[in-house]
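Text of the file target08.cif, holding mmCIF, C-alpha atoms:
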```cif
data_model
loop_
_atom_site.label_atom_id
_atom_site.label_comp_id
_atom_site.auth_asym_id
_atom_site.auth_seq_id
_atom_site.Cartn_x
_atom_site.Cartn_y
_atom_site.Cartn_z
CA MET A 1 4.83 5.50 -53.48
CA ALA A 2 1.80 7.85 -53.16
CA PHE A 3 0.83 9.58 -49.95
CA ALA A 4 -2.36 11.26 -48.86
CA GLU A 5 -1.75 14.41 -46.77
CA LEU A 6 -3.97 15.09 -43.73
CA LYS A 7 -3.94 16.60 -40.24
CA CYS A 8 -3.85 14.55 -37.04
CA LYS A 9 -7.22 14.84 -35.31
CA ASN A 10 -5.61 14.73 -31.87
CA CYS A 11 -2.67 17.15 -32.11
CA GLY A 12 -3.19 18.93 -35.45
CA GLN A 13 0.21 18.00 -36.88
CA SER A 14 0.63 17.05 -40.51
CA ILE A 15 0.88 13.33 -41.18
CA SER A 16 0.95 11.18 -44.30
CA ILE A 17 -0.85 7.93 -45.02
CA ASP A 18 1.01 5.50 -47.20
CA ALA A 19 -1.38 4.92 -50.09
CA GLN A 20 -0.03 1.40 -50.57
CA SER A 21 -0.27 0.14 -47.00
CA GLY A 22 -3.05 2.49 -45.95
CA VAL A 23 -1.43 3.05 -42.53
CA ALA A 24 0.20 6.03 -40.81
CA VAL A 25 1.17 6.77 -37.22
CA CYS A 26 1.43 10.37 -36.01
CA GLU A 27 5.03 10.94 -34.90
CA PHE A 28 3.91 13.56 -32.38
CA CYS A 29 1.10 11.86 -30.42
CA GLY A 30 1.17 8.23 -31.67
CA SER A 31 -2.34 8.22 -33.16
CA VAL A 32 -2.90 5.55 -35.84
CA TYR A 33 -4.64 6.38 -39.08
CA THR A 34 -5.65 4.21 -42.03
CA ASP A 35 -7.03 4.91 -45.43
CA GLU A 36 -10.78 5.23 -44.96
CA ASN A 37 -11.26 3.33 -48.20
CA SER A 38 -9.22 0.37 -46.95
CA SER A 39 -11.20 -2.73 -46.01
CA VAL A 40 -10.99 -4.36 -42.58
CA SER A 41 -9.01 -7.20 -44.16
CA THR A 42 -6.47 -4.73 -45.52
CA LYS A 43 -6.14 -3.10 -42.11
CA VAL A 44 -5.65 -6.51 -40.47
CA GLU A 45 -2.98 -7.38 -43.05
CA ASN A 46 -1.22 -4.06 -42.42
CA ALA A 47 -1.32 -4.53 -38.66
CA SER A 48 0.02 -8.08 -39.04
CA ALA A 49 2.82 -6.78 -41.23
CA LEU A 50 3.73 -4.21 -38.58
CA LEU A 51 3.88 -7.01 -36.00
CA THR A 52 5.59 -9.83 -37.85
CA LYS A 53 7.63 -8.17 -40.60
CA LEU A 54 8.39 -4.60 -39.54
CA ASN A 55 8.86 -5.40 -35.83
CA GLU A 56 6.75 -2.48 -34.67
CA PRO A 57 4.42 -4.04 -32.07
CA GLU A 58 3.25 -0.74 -30.58
CA LYS A 59 2.02 0.53 -33.95
CA ALA A 60 0.49 -2.87 -34.65
CA LYS A 61 -1.37 -2.84 -31.33
CA ARG A 62 -2.75 0.64 -31.94
CA LEU A 63 -4.02 -0.45 -35.37
CA PHE A 64 -5.58 -3.65 -33.99
CA GLU A 65 -7.22 -1.57 -31.24
CA GLN A 66 -8.59 0.78 -33.89
CA ILE A 67 -10.00 -2.21 -35.80
CA SER A 68 -11.66 -3.57 -32.62
CA GLU A 69 -13.22 -0.15 -31.93
CA GLU A 70 -14.49 0.35 -35.49
CA CYS A 71 -15.56 -3.26 -36.02
CA PRO A 72 -16.12 -4.86 -32.58
CA GLY A 73 -17.92 -7.77 -34.20
CA ASP A 74 -14.78 -8.78 -36.13
CA CYS A 75 -12.68 -11.19 -34.08
CA ARG A 76 -9.47 -10.27 -35.90
CA GLY A 77 -9.11 -6.98 -34.02
CA TRP A 78 -9.41 -8.62 -30.58
CA LEU A 79 -7.24 -11.56 -31.64
CA GLY A 80 -4.65 -9.16 -33.05
CA ILE A 81 -4.30 -7.38 -29.71
CA ALA A 82 -3.64 -10.74 -28.02
CA ARG A 83 -1.11 -11.56 -30.76
CA VAL A 84 0.79 -8.34 -30.05
CA ILE A 85 0.80 -8.92 -26.27
CA THR A 86 2.12 -12.47 -26.70
CA ALA A 87 4.52 -11.61 -29.54
CA ASP A 88 2.32 -13.58 -31.92
CA PHE A 89 2.04 -16.42 -29.36
CA SER A 90 5.82 -16.84 -29.16
CA ALA A 91 6.73 -14.99 -25.93
CA GLU A 92 8.12 -17.46 -23.40
CA LYS A 93 7.21 -15.29 -20.43
CA LEU A 94 4.43 -12.81 -19.68
CA SER A 95 3.63 -10.66 -16.69
CA LEU A 96 0.37 -11.48 -14.96
CA ASN A 97 -1.15 -8.25 -16.24
CA GLN A 98 -0.09 -9.06 -19.79
CA PHE A 99 -1.50 -12.57 -19.50
CA ARG A 100 -4.82 -11.31 -18.18
CA GLU A 101 -5.07 -8.65 -20.88
CA ALA A 102 -4.36 -11.23 -23.57
CA GLN A 103 -6.92 -13.61 -22.02
CA MET A 104 -9.55 -10.85 -22.00
CA ASN A 105 -9.03 -10.10 -25.70
CA ILE A 106 -9.04 -13.81 -26.58
CA ASP A 107 -12.39 -14.16 -24.79
CA LYS A 108 -13.78 -11.23 -26.78
CA ALA A 109 -12.49 -12.72 -30.04
CA ILE A 110 -14.13 -16.06 -29.22
CA SER A 111 -17.42 -14.42 -28.27
CA VAL A 112 -17.82 -12.75 -31.69
CA SER A 113 -16.55 -15.67 -33.78
CA ASP A 114 -18.43 -18.43 -35.54
CA ASP A 115 -18.07 -21.96 -34.17
CA GLU A 116 -15.22 -23.02 -36.44
CA THR A 117 -13.16 -19.86 -35.88
CA SER A 118 -13.93 -19.97 -32.17
CA GLU A 119 -12.57 -23.51 -31.88
CA SER A 120 -9.45 -22.51 -33.83
CA ILE A 121 -8.77 -19.56 -31.51
CA LYS A 122 -9.38 -21.70 -28.41
CA SER A 123 -7.01 -24.37 -29.69
CA GLN A 124 -4.29 -21.83 -30.46
CA TRP A 125 -4.69 -20.13 -27.07
CA LEU A 126 -4.74 -23.36 -25.06
CA LYS A 127 -1.61 -24.56 -26.85
CA TYR A 128 0.16 -21.32 -26.00
CA CYS A 129 -1.08 -21.41 -22.38
CA SER A 130 0.26 -24.95 -21.96
CA GLU A 131 3.69 -23.71 -23.02
CA ILE A 132 3.82 -20.87 -20.48
CA ASN A 133 1.64 -22.50 -17.81
CA ASP A 134 4.48 -23.24 -15.37
CA ASP A 135 5.75 -19.67 -15.52
CA ILE A 136 2.29 -18.14 -15.03
CA LYS A 137 1.44 -20.59 -12.23
CA SER A 138 4.69 -19.76 -10.44
CA LYS A 139 3.95 -16.03 -10.66
CA GLU A 140 0.39 -16.50 -9.48
CA ASP A 141 1.59 -18.61 -6.53
CA THR A 142 4.15 -15.93 -5.65
CA LEU A 143 1.52 -13.22 -5.91
CA ASN A 144 -0.98 -15.16 -3.77
CA GLU A 145 1.69 -15.81 -1.15
CA LEU A 146 2.54 -12.11 -1.03
CA LEU A 147 -1.14 -11.19 -0.77
CA LYS A 148 -1.58 -13.59 2.16
CA LYS A 149 1.53 -12.16 3.80
CA GLN A 150 0.17 -8.65 3.33
CA SER A 151 -3.15 -9.71 4.87
CA VAL A 152 -1.32 -11.06 7.94
CA PHE A 153 0.63 -7.81 8.29
CA LEU A 154 -2.55 -5.73 7.96
CA ASP A 155 -4.25 -7.81 10.67
CA LYS A 156 -1.21 -7.43 12.90
CA ARG A 157 -1.20 -3.67 12.36
CA GLN A 158 -4.88 -3.47 13.28
CA GLN A 159 -4.22 -5.45 16.46
CA LEU A 160 -1.34 -3.14 17.34
CA ASN A 161 -3.49 -0.07 16.69
CA ASP A 162 -6.19 -1.45 18.99
CA LYS A 163 -3.63 -2.25 21.68
CA LEU A 164 -2.04 1.17 21.27
CA SER A 165 -5.44 2.80 21.74
CA GLU A 166 -6.00 0.82 24.95
CA GLU A 167 -2.55 1.71 26.26
CA GLU A 168 -3.12 5.40 25.52
CA LYS A 169 -6.37 5.29 27.51
CA ALA A 170 -4.58 3.56 30.39
CA SER A 171 -1.78 6.11 30.17
CA GLY A 172 -4.30 8.94 30.42
CA LYS A 173 -5.81 7.47 33.58
CA ILE A 174 -2.41 6.84 35.18
CA ASN A 175 -1.21 10.36 34.35
CA LYS A 176 -4.36 11.75 35.94
CA THR A 177 -3.86 9.75 39.17
CA TYR A 178 -0.17 10.66 39.15
CA SER A 179 -1.06 14.35 38.95
CA THR A 180 -3.48 13.91 41.84
CA ALA A 181 -0.79 12.15 43.90
CA VAL A 182 1.66 15.01 43.21
CA VAL A 183 -0.92 17.56 44.38
CA ILE A 184 -1.51 15.55 47.58
CA PHE A 185 2.23 15.30 48.17
CA CYS A 186 2.66 19.05 47.72
CA ALA A 187 -0.15 19.63 50.22
CA ALA A 188 1.59 17.25 52.64
CA LEU A 189 4.82 19.25 52.25
CA VAL A 190 2.96 22.47 53.00
CA VAL A 191 1.40 20.92 56.10
CA PHE A 192 4.81 19.58 57.16
CA ALA A 193 6.36 23.05 56.72
CA VAL A 194 3.58 24.64 58.78
CA LEU A 195 3.93 22.00 61.53
CA LEU A 196 7.69 22.40 61.52
CA ILE A 197 7.44 26.16 61.92
CA LEU A 198 4.87 25.69 64.69
CA ALA A 199 7.09 23.13 66.43
CA ILE A 200 10.06 25.51 66.29
CA CYS A 201 8.01 28.33 67.75
CA ILE A 202 6.75 26.12 70.58
CA PHE A 203 10.26 24.82 71.23
CA PHE A 204 11.73 28.33 71.63
CA SER A 205 8.73 29.38 73.73
CA ASP A 206 9.28 26.42 76.06
CA PHE A 207 13.01 27.09 76.09
CA VAL A 208 12.42 30.68 77.20
CA LEU A 209 9.81 29.67 79.76
CA GLY A 210 11.85 26.71 80.92
CA ASP A 211 9.11 24.20 80.08
CA LYS A 212 9.77 20.79 78.60
CA SER A 213 6.94 19.98 76.23
CA ARG A 214 6.83 17.07 73.81
CA LEU A 215 4.46 18.89 71.50
CA PRO A 216 7.16 20.14 69.06
CA LEU A 217 8.45 16.60 68.62
CA ILE A 218 4.92 15.29 68.07
CA LEU A 219 4.26 17.98 65.47
CA VAL A 220 7.49 17.15 63.57
CA ILE A 221 6.68 13.45 63.64
CA ILE A 222 3.16 14.10 62.33
CA GLY A 223 4.60 16.28 59.54
CA LEU A 224 7.13 13.59 58.58
CA VAL A 225 4.46 10.90 58.56
CA LEU A 226 2.23 13.03 56.32
CA THR A 227 5.14 13.70 53.97
CA VAL A 228 6.05 9.99 53.73
CA VAL A 229 2.41 9.04 53.20
CA GLY A 230 2.17 11.70 50.47
CA ILE A 231 5.33 10.70 48.60
CA LEU A 232 4.68 6.96 48.45
CA PRO A 233 1.77 7.24 45.94
CA VAL A 234 3.88 9.65 43.84
CA LEU A 235 6.73 7.16 43.62
CA SER A 236 4.33 4.31 42.84
CA LYS A 237 2.45 6.24 40.15
CA ARG A 238 5.67 7.55 38.65
CA LYS A 239 6.88 4.00 38.17
CA ALA A 240 3.57 3.08 36.54
CA VAL A 241 3.82 6.12 34.22
CA LYS A 242 7.30 5.06 33.09
CA GLU A 243 6.13 1.48 32.46
CA VAL A 244 3.14 2.64 30.39
CA GLN A 245 5.30 5.09 28.42
CA SER A 246 7.81 2.33 27.75
CA ALA A 247 5.00 0.06 26.54
CA LEU A 248 3.70 2.84 24.27
CA ASN A 249 7.16 3.39 22.81
CA ASN A 250 7.59 -0.34 22.16
CA LEU A 251 4.18 -0.49 20.49
CA MET A 252 5.04 2.49 18.29
CA LEU A 253 8.31 0.87 17.23
CA GLU A 254 6.54 -2.40 16.46
CA LEU A 255 3.80 -0.53 14.58
CA ASN A 256 6.36 1.35 12.49
CA ASP A 257 8.13 -1.92 11.73
CA ILE A 258 4.87 -3.56 10.62
CA SER A 259 3.98 -0.52 8.50
CA GLY A 260 7.39 -0.75 6.83
CA GLN A 261 6.84 -4.44 6.10
CA ILE A 262 3.40 -3.66 4.65
CA GLU A 263 4.89 -1.06 2.31
CA LYS A 264 7.68 -3.43 1.31
CA THR A 265 5.19 -6.23 0.64
CA ALA A 266 3.02 -3.85 -1.41
CA ASP A 267 6.05 -3.01 -3.55
CA LEU A 268 6.81 -6.71 -3.99
CA ILE A 269 3.20 -7.32 -5.02
CA GLU A 270 3.42 -4.61 -7.69
CA GLN A 271 6.70 -6.07 -8.89
CA ALA A 272 5.13 -9.53 -9.03
CA LYS A 273 2.28 -8.18 -11.13
CA GLU A 274 4.70 -6.52 -13.53
CA THR A 275 7.38 -9.23 -13.59
CA VAL A 276 8.30 -10.43 -17.06
#
```
What does this structure look like when you write it as structure tokens?
Amino acid sequence: MAFAELKCKNCGQSISIDAQSGVAVCEFCGSVYTDENSSVSTKVENASALLTKLNEPEKAKRLFEQISEECPGDCRGWLGIARVITADFSAEKLSLNQFREAQMNIDKAISVSDDETSESIKSQWLKYCSEINDDIKSKEDTLNELLKKQSVFLDKRQQLNDKLSEEEKASGKINKTYSTAVVIFCAALVVFAVLLILAICIFFSDFVLGDKSRLPLILVIIGLVLTVVGILPVLSKRKAVKEVQSALNNLMLELNDISGQIEKTADLIEQAKETV
């Protein structure tokens, strides 16, 4: 069996073309080469042999792709690619991506065919589609259901993000008022301490002088009232701060949960697209 020696155009390695079949595949980079003197019909026959007799679909697909690139007006290249994807129209199941790729190449084959060949290709494709229709429909229904579910999750996440933004604004306002209340309370404590010291001084002064004044008691009472008035807003605002923080934490947990479900659904969608 004669061979023609040449270099691979892609990787530069030595390869050999079988002079009888006119086909060679580079073992290093997978590039397909054919005898330049071979006709398109010979190349189609060789690709078909690789698919149906030698059980080498990858090599067959590369050769059919080469035919479709060199002779895009010949339907046999496009049809051959569809044949490889569908295992020569015998595969019982296809992934959605495989089905769509095969459909695209069938459409191209039909578009460049004459009327008679076009009808033959349509008939063959429709017959095959009818055989796998239930499987493809089931996968498409599953995919559509997952896409709808993902859409719901994305809407929910957007709503949670909006709500989280509102709660963060509310939290900022409450923290600001809480800080103000703390400052007022501290001022009230200072006033109370000053009044207490003043009351003590007056008390000892009266004690020494033998007077009985109610002023120290009045000053202490005023200081206590100011302190109580100052601490009430602090306690109220502190409770509000805790409630807002709790709401923020719950929203973050819910948001993380939704994000996890979105990622899980995205993985399921990819699996559905690739399911065989």
Next item on the list: Apply the PyMOL selection byres ((chain A and resi 194) around 12) to the structure shown and report the selected residues as a PyMOL selection string.
Entry: chain A and resi 187-193+195-201+216+219-220+222-224+226
Next item on the list: Would you mind reading off the distance between atom CA of Gly80 of chain A and atom CA of Asn133 of chain A, one decimal, in Å?
Entry: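 Atom CA of Gly80 of chain A sits 21.2 Å away from atom CA of Asn133 of chain A.
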Note to self: When you look at Lys149 of chain A with a cut-off of 12 Å (counting only C-alpha atoms), what residues show up, excluding the ones that are within fewer than 2 positions of it in the same chain? I need them as number ranges by chain.
What the structure shows: A: 142-147, 151-156, 258, 261-266, 268-269
Item checked: Distance query segment 85-95 of chain A at most 12 Å, only C-alpha atoms, self and fewer than 6 positions along chain excluded, as a ChimeraX atom specification -> /A:47-53,55-58,60-62,64-65,78-79,101-106,121,124-140,143,270-276
Once the PyMOL selection byres ((chain A and resi 167) around 12) has been applied to the shown file, what residues remain in the selection, as a PDB file with C-alpha atoms, keeping the file's coordinate frame?
```
ATOM      1  CA  LEU A 160      -1.340  -3.140  17.340  1.00  0.00           C
ATOM      2  CA  ASN A 161      -3.490  -0.070  16.690  1.00  0.00           C
ATOM      3  CA  ASP A 162      -6.190  -1.450  18.990  1.00  0.00           C
ATOM      4  CA  LYS A 163      -3.630  -2.250  21.680  1.00  0.00           C
ATOM      5  CA  LEU A 164      -2.040   1.170  21.270  1.00  0.00           C
ATOM      6  CA  SER A 165      -5.440   2.800  21.740  1.00  0.00           C
ATOM      7  CA  GLU A 166      -6.000   0.820  24.950  1.00  0.00           C
ATOM      8  CA  GLU A 168      -3.120   5.400  25.520  1.00  0.00           C
ATOM      9  CA  LYS A 169      -6.370   5.290  27.510  1.00  0.00           C
ATOM     10  CA  ALA A 170      -4.580   3.560  30.390  1.00  0.00           C
ATOM     11  CA  SER A 171      -1.780   6.110  30.170  1.00  0.00           C
ATOM     12  CA  GLY A 172      -4.300   8.940  30.420  1.00  0.00           C
ATOM     13  CA  LYS A 173      -5.810   7.470  33.580  1.00  0.00           C
ATOM     14  CA  ILE A 174      -2.410   6.840  35.180  1.00  0.00           C
ATOM     15  CA  ASN A 175      -1.210  10.360  34.350  1.00  0.00           C
ATOM     16  CA  VAL A 241       3.820   6.120  34.220  1.00  0.00           C
ATOM     17  CA  GLU A 243       6.130   1.480  32.460  1.00  0.00           C
ATOM     18  CA  VAL A 244       3.140   2.640  30.390  1.00  0.00           C
ATOM     19  CA  GLN A 245       5.300   5.090  28.420  1.00  0.00           C
ATOM     20  CA  SER A 246       7.810   2.330  27.750  1.00  0.00           C
ATOM     21  CA  ALA A 247       5.000   0.060  26.540  1.00  0.00           C
ATOM     22  CA  LEU A 248       3.700   2.840  24.270  1.00  0.00           C
ATOM     23  CA  ASN A 249       7.160   3.390  22.810  1.00  0.00           C
ATOM     24  CA  ASN A 250       7.590  -0.340  22.160  1.00  0.00           C
ATOM     25  CA  LEU A 251       4.180  -0.490  20.490  1.00  0.00           C
ATOM     26  CA  MET A 252       5.040   2.490  18.290  1.00  0.00           C
TER      27      MET A 252
END
```
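A straight line drawn from atom CA of Cys29 of chain A to atom CA of Pro72 of chain A is 24.1 Å long.
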Item checked: Residues within 8 Å of Ser113 of chain A, all atoms listed in the file, excluding chain neighbours under 4 positions, as a PyMOL selection string -> chain A and resi 74-75+109+117-118
Around all the atoms of segment 80-95 of chain A listed in the file, with 3 Å of room on each side, what axis-aligned box do you get, giving centre and edge lengths in Å to one decimal, as AutoDock Vina command-line options?
```
--center_x 1.7 --center_y -12.4 --center_z -24.9 --size_x 18.8 --size_y 16.1 --size_z 22.4
```
Next item on the list: Provide the atom CA of Cys11 of chain A to atom CA of Ser68 of chain A distance in Å, to one decimal place.
Entry: 22.6 Å
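Candidate residues A:Ile67, A:Val225, A:Cys26, A:Val112 were compared for distance to Ser39 of chain A, and the nearest is A:Ile67, using all atoms listed in the file.
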Next item on the list: I would like the residues chosen by the PyMOL selection byres ((chain A and resi 178) around 8) on the shown file; could you give them as number ranges by chain?
Entry: A: 174-177, 179-182, 233-234, 237-238, 241
